[in-house]
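First comes the structure, then the notes that go with it.
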Amino acid sequence: MRSLVVMALALAGLSTWTVLGRADDDTKKKSTEEERGFLGIQFQGMEGEPKISGFADNSPAEKAGLKEGDVIVKIRDKAIKEFSDIQDVMQKTKPGDKLSVTVKRDDKEKTFTVTLGTKPKDVD
């Protein structure tokens, strides 16, 4: 199953490791993947709720306190219902941006401030 998700993401031109960035703002240009901030989160799949299944080494999200099993429900003020919502929000980002990321954990919502990093060269 995981290899199918990785292949689907690769075909879509995306990485299994998500980069999170600025909230939507038409006055800001979309960043190229190399310029985007890096959150370092891996998800279980592209369908349904965006549940965290792992982290990259030195993940900014993990350092901020997010954990495996957390479900992302909001980034800044944008409600997140599925993986594609995250992709929409993440298009405009850069390393050093600070994001408020709200997750559902144990039926409670918790908000974390994450300072985005730079995507490592060895992460696809």
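Residues are named by chain letter and number: chains run A, B, ... in the order of the structure tokens, numbers start at 1 in each chain, and ligands are numbered from 1 in the order shown.
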Would you give me, as a tab-separated table, each residue of segment 61-96 of chain A having an atom within 8 Å of an atom of segment 102-124 of chain A, along with its shortest atom pair and that distance in Å to one decimal, using only C-alpha atoms and sorting by chain and residue number?
residue	atom	partner	partner_atom	distance
A:Ala61	CA	A:Val114	CA	5.9
A:Ala64	CA	A:Val114	CA	5.5
A:Gly65	CA	A:Phe112	CA	6.9
A:Leu66	CA	A:Phe112	CA	7.4
A:Gly69	CA	A:Arg105	CA	7.4
A:Asp70	CA	A:Arg105	CA	5.3
A:Val71	CA	A:Lys104	CA	5.1
A:Ile72	CA	A:Val103	CA	4.3
A:Val73	CA	A:Val103	CA	5.3
A:Lys74	CA	A:Thr102	CA	4.9
A:Ile75	CA	A:Thr102	CA	6.3
A:Arg76	CA	A:Thr102	CA	7.9
A:Lys94	CA	A:Leu116	CA	7.3
A:Pro95	CA	A:Gly117	CA	4.8
A:Gly96	CA	A:Leu116	CA	5.1
For the residues in that selection, give me N, CA and C atoms as a compact mmCIF listing (two decimals), in the first residue's frame.
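File produced: out-v1.txt:
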# COMPACT_ATOMS: atom_id res chain seq x y z
N ALA A 61 8.38 19.60 12.43
CA ALA A 61 7.08 19.28 13.04
C ALA A 61 7.25 18.43 14.29
N ALA A 64 8.52 20.46 17.10
CA ALA A 64 7.49 21.35 17.65
C ALA A 64 6.50 20.60 18.55
N GLY A 65 6.49 19.26 18.48
CA GLY A 65 5.63 18.49 19.37
C GLY A 65 4.57 17.63 18.69
N LEU A 66 4.47 17.67 17.36
CA LEU A 66 3.52 16.80 16.68
C LEU A 66 3.99 15.36 16.82
N GLY A 69 0.21 9.61 14.52
CA GLY A 69 -1.19 9.40 14.89
C GLY A 69 -1.99 10.69 14.97
N ASP A 70 -1.31 11.83 15.09
CA ASP A 70 -2.02 13.11 15.07
C ASP A 70 -2.70 13.30 13.72
N VAL A 71 -3.86 13.94 13.74
CA VAL A 71 -4.57 14.27 12.50
C VAL A 71 -4.58 15.78 12.38
N ILE A 72 -4.03 16.29 11.28
CA ILE A 72 -4.01 17.73 11.06
C ILE A 72 -5.42 18.22 10.71
N VAL A 73 -5.93 19.18 11.49
CA VAL A 73 -7.27 19.71 11.27
C VAL A 73 -7.28 21.17 10.84
N LYS A 74 -6.16 21.87 11.08
CA LYS A 74 -6.10 23.28 10.68
C LYS A 74 -4.65 23.72 10.55
N ILE A 75 -4.38 24.52 9.53
CA ILE A 75 -3.09 25.18 9.37
C ILE A 75 -3.40 26.66 9.24
N ARG A 76 -2.84 27.41 10.17
CA ARG A 76 -3.22 28.82 10.35
C ARG A 76 -4.73 28.86 10.49
N LYS A 94 8.32 29.13 2.66
CA LYS A 94 9.77 29.24 2.60
C LYS A 94 10.34 28.83 3.95
N PRO A 95 11.58 28.38 3.97
CA PRO A 95 12.20 28.03 5.23
C PRO A 95 12.19 29.23 6.18
N GLY A 96 11.94 28.96 7.45
CA GLY A 96 11.89 30.02 8.46
C GLY A 96 10.49 30.52 8.76
field: For atom CA of Gln44 of chain A and atom CA of Lys67 of chain A, the interatomic separation in Å (one decimal)
entry: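 One can read the atom CA of Gln44 of chain A to atom CA of Lys67 of chain A distance as 13.3 Å.
Residues of segment 32-89 of chain A carrying a DSSP assignment of strand (DSSP E), computed from the backbone, are Gly37, Phe38, Ile41, Gln42, Phe43, Ile52, Ser53, Gly54, Phe55, Val71, Ile72, Val73, Lys74, Ile75, Lys78 and Ala79 of chain A.
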Same residues, N, CA and C atoms, output as a PDB file, in the first residue's frame:
ATOM      1  N   GLY A  37       9.456  25.809   2.458  1.00  0.00           N
ATOM      2  CA  GLY A  37       9.776  25.359   3.799  1.00  0.00           C
ATOM      3  C   GLY A  37       9.455  23.883   3.944  1.00  0.00           C
ATOM      4  N   PHE A  38      10.094  23.244   4.893  1.00  0.00           N
ATOM      5  CA  PHE A  38       9.958  21.797   5.076  1.00  0.00           C
ATOM      6  C   PHE A  38       9.413  21.512   6.466  1.00  0.00           C
ATOM      7  N   ILE A  41       6.812  15.846   7.535  1.00  0.00           N
ATOM      8  CA  ILE A  41       5.759  14.913   7.955  1.00  0.00           C
ATOM      9  C   ILE A  41       5.467  13.941   6.820  1.00  0.00           C
ATOM     10  N   GLN A  42       5.199  12.697   7.197  1.00  0.00           N
ATOM     11  CA  GLN A  42       4.744  11.701   6.232  1.00  0.00           C
ATOM     12  C   GLN A  42       3.339  11.273   6.632  1.00  0.00           C
ATOM     13  N   PHE A  43       2.483  11.083   5.627  1.00  0.00           N
ATOM     14  CA  PHE A  43       1.089  10.709   5.872  1.00  0.00           C
ATOM     15  C   PHE A  43       0.828   9.276   5.433  1.00  0.00           C
ATOM     16  N   ILE A  52      -0.790  11.666  10.529  1.00  0.00           N
ATOM     17  CA  ILE A  52       0.666  11.595  10.482  1.00  0.00           C
ATOM     18  C   ILE A  52       1.121  10.158  10.749  1.00  0.00           C
ATOM     19  N   SER A  53       1.955   9.639   9.849  1.00  0.00           N
ATOM     20  CA  SER A  53       2.453   8.270  10.010  1.00  0.00           C
ATOM     21  C   SER A  53       3.953   8.215  10.250  1.00  0.00           C
ATOM     22  N   GLY A  54       4.646   9.336  10.125  1.00  0.00           N
ATOM     23  CA  GLY A  54       6.084   9.339  10.366  1.00  0.00           C
ATOM     24  C   GLY A  54       6.678  10.714  10.155  1.00  0.00           C
ATOM     25  N   PHE A  55       7.984  10.803  10.455  1.00  0.00           N
ATOM     26  CA  PHE A  55       8.699  12.062  10.348  1.00  0.00           C
ATOM     27  C   PHE A  55      10.046  11.856   9.688  1.00  0.00           C
ATOM     28  N   VAL A  71      -3.857  13.937  13.738  1.00  0.00           N
ATOM     29  CA  VAL A  71      -4.572  14.266  12.505  1.00  0.00           C
ATOM     30  C   VAL A  71      -4.580  15.783  12.377  1.00  0.00           C
ATOM     31  N   ILE A  72      -4.034  16.285  11.275  1.00  0.00           N
ATOM     32  CA  ILE A  72      -4.011  17.733  11.059  1.00  0.00           C
ATOM     33  C   ILE A  72      -5.418  18.216  10.710  1.00  0.00           C
ATOM     34  N   VAL A  73      -5.927  19.183  11.492  1.00  0.00           N
ATOM     35  CA  VAL A  73      -7.274  19.706  11.268  1.00  0.00           C
ATOM     36  C   VAL A  73      -7.277  21.170  10.844  1.00  0.00           C
ATOM     37  N   LYS A  74      -6.160  21.872  11.083  1.00  0.00           N
ATOM     38  CA  LYS A  74      -6.104  23.280  10.675  1.00  0.00           C
ATOM     39  C   LYS A  74      -4.653  23.715  10.547  1.00  0.00           C
ATOM     40  N   ILE A  75      -4.385  24.524   9.532  1.00  0.00           N
ATOM     41  CA  ILE A  75      -3.088  25.175   9.367  1.00  0.00           C
ATOM     42  C   ILE A  75      -3.395  26.660   9.236  1.00  0.00           C
ATOM     43  N   LYS A  78      -6.946  27.935   8.039  1.00  0.00           N
ATOM     44  CA  LYS A  78      -7.603  27.096   7.031  1.00  0.00           C
ATOM     45  C   LYS A  78      -7.906  25.714   7.595  1.00  0.00           C
ATOM     46  N   ALA A  79      -9.175  25.347   7.539  1.00  0.00           N
ATOM     47  CA  ALA A  79      -9.585  24.011   7.964  1.00  0.00           C
ATOM     48  C   ALA A  79      -9.020  22.973   6.994  1.00  0.00           C
TER      49      ALA A  79
END
- request: Go ahead and compute the interatomic distance for atom CA of Asp77 of chain A and atom CA of Lys92 of chain A, in Å to one decimal.
  value: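 Here the two named atoms are 14.8 Å from each other.
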query: Could you work out how far atom CA of Met46 of chain A lies from atom CA of Lys81 of chain A, giving the answer in Å with one decimal?
result: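 Between atom CA of Lys81 of chain A and atom CA of Met46 of chain A the gap works out to 11.3 Å.
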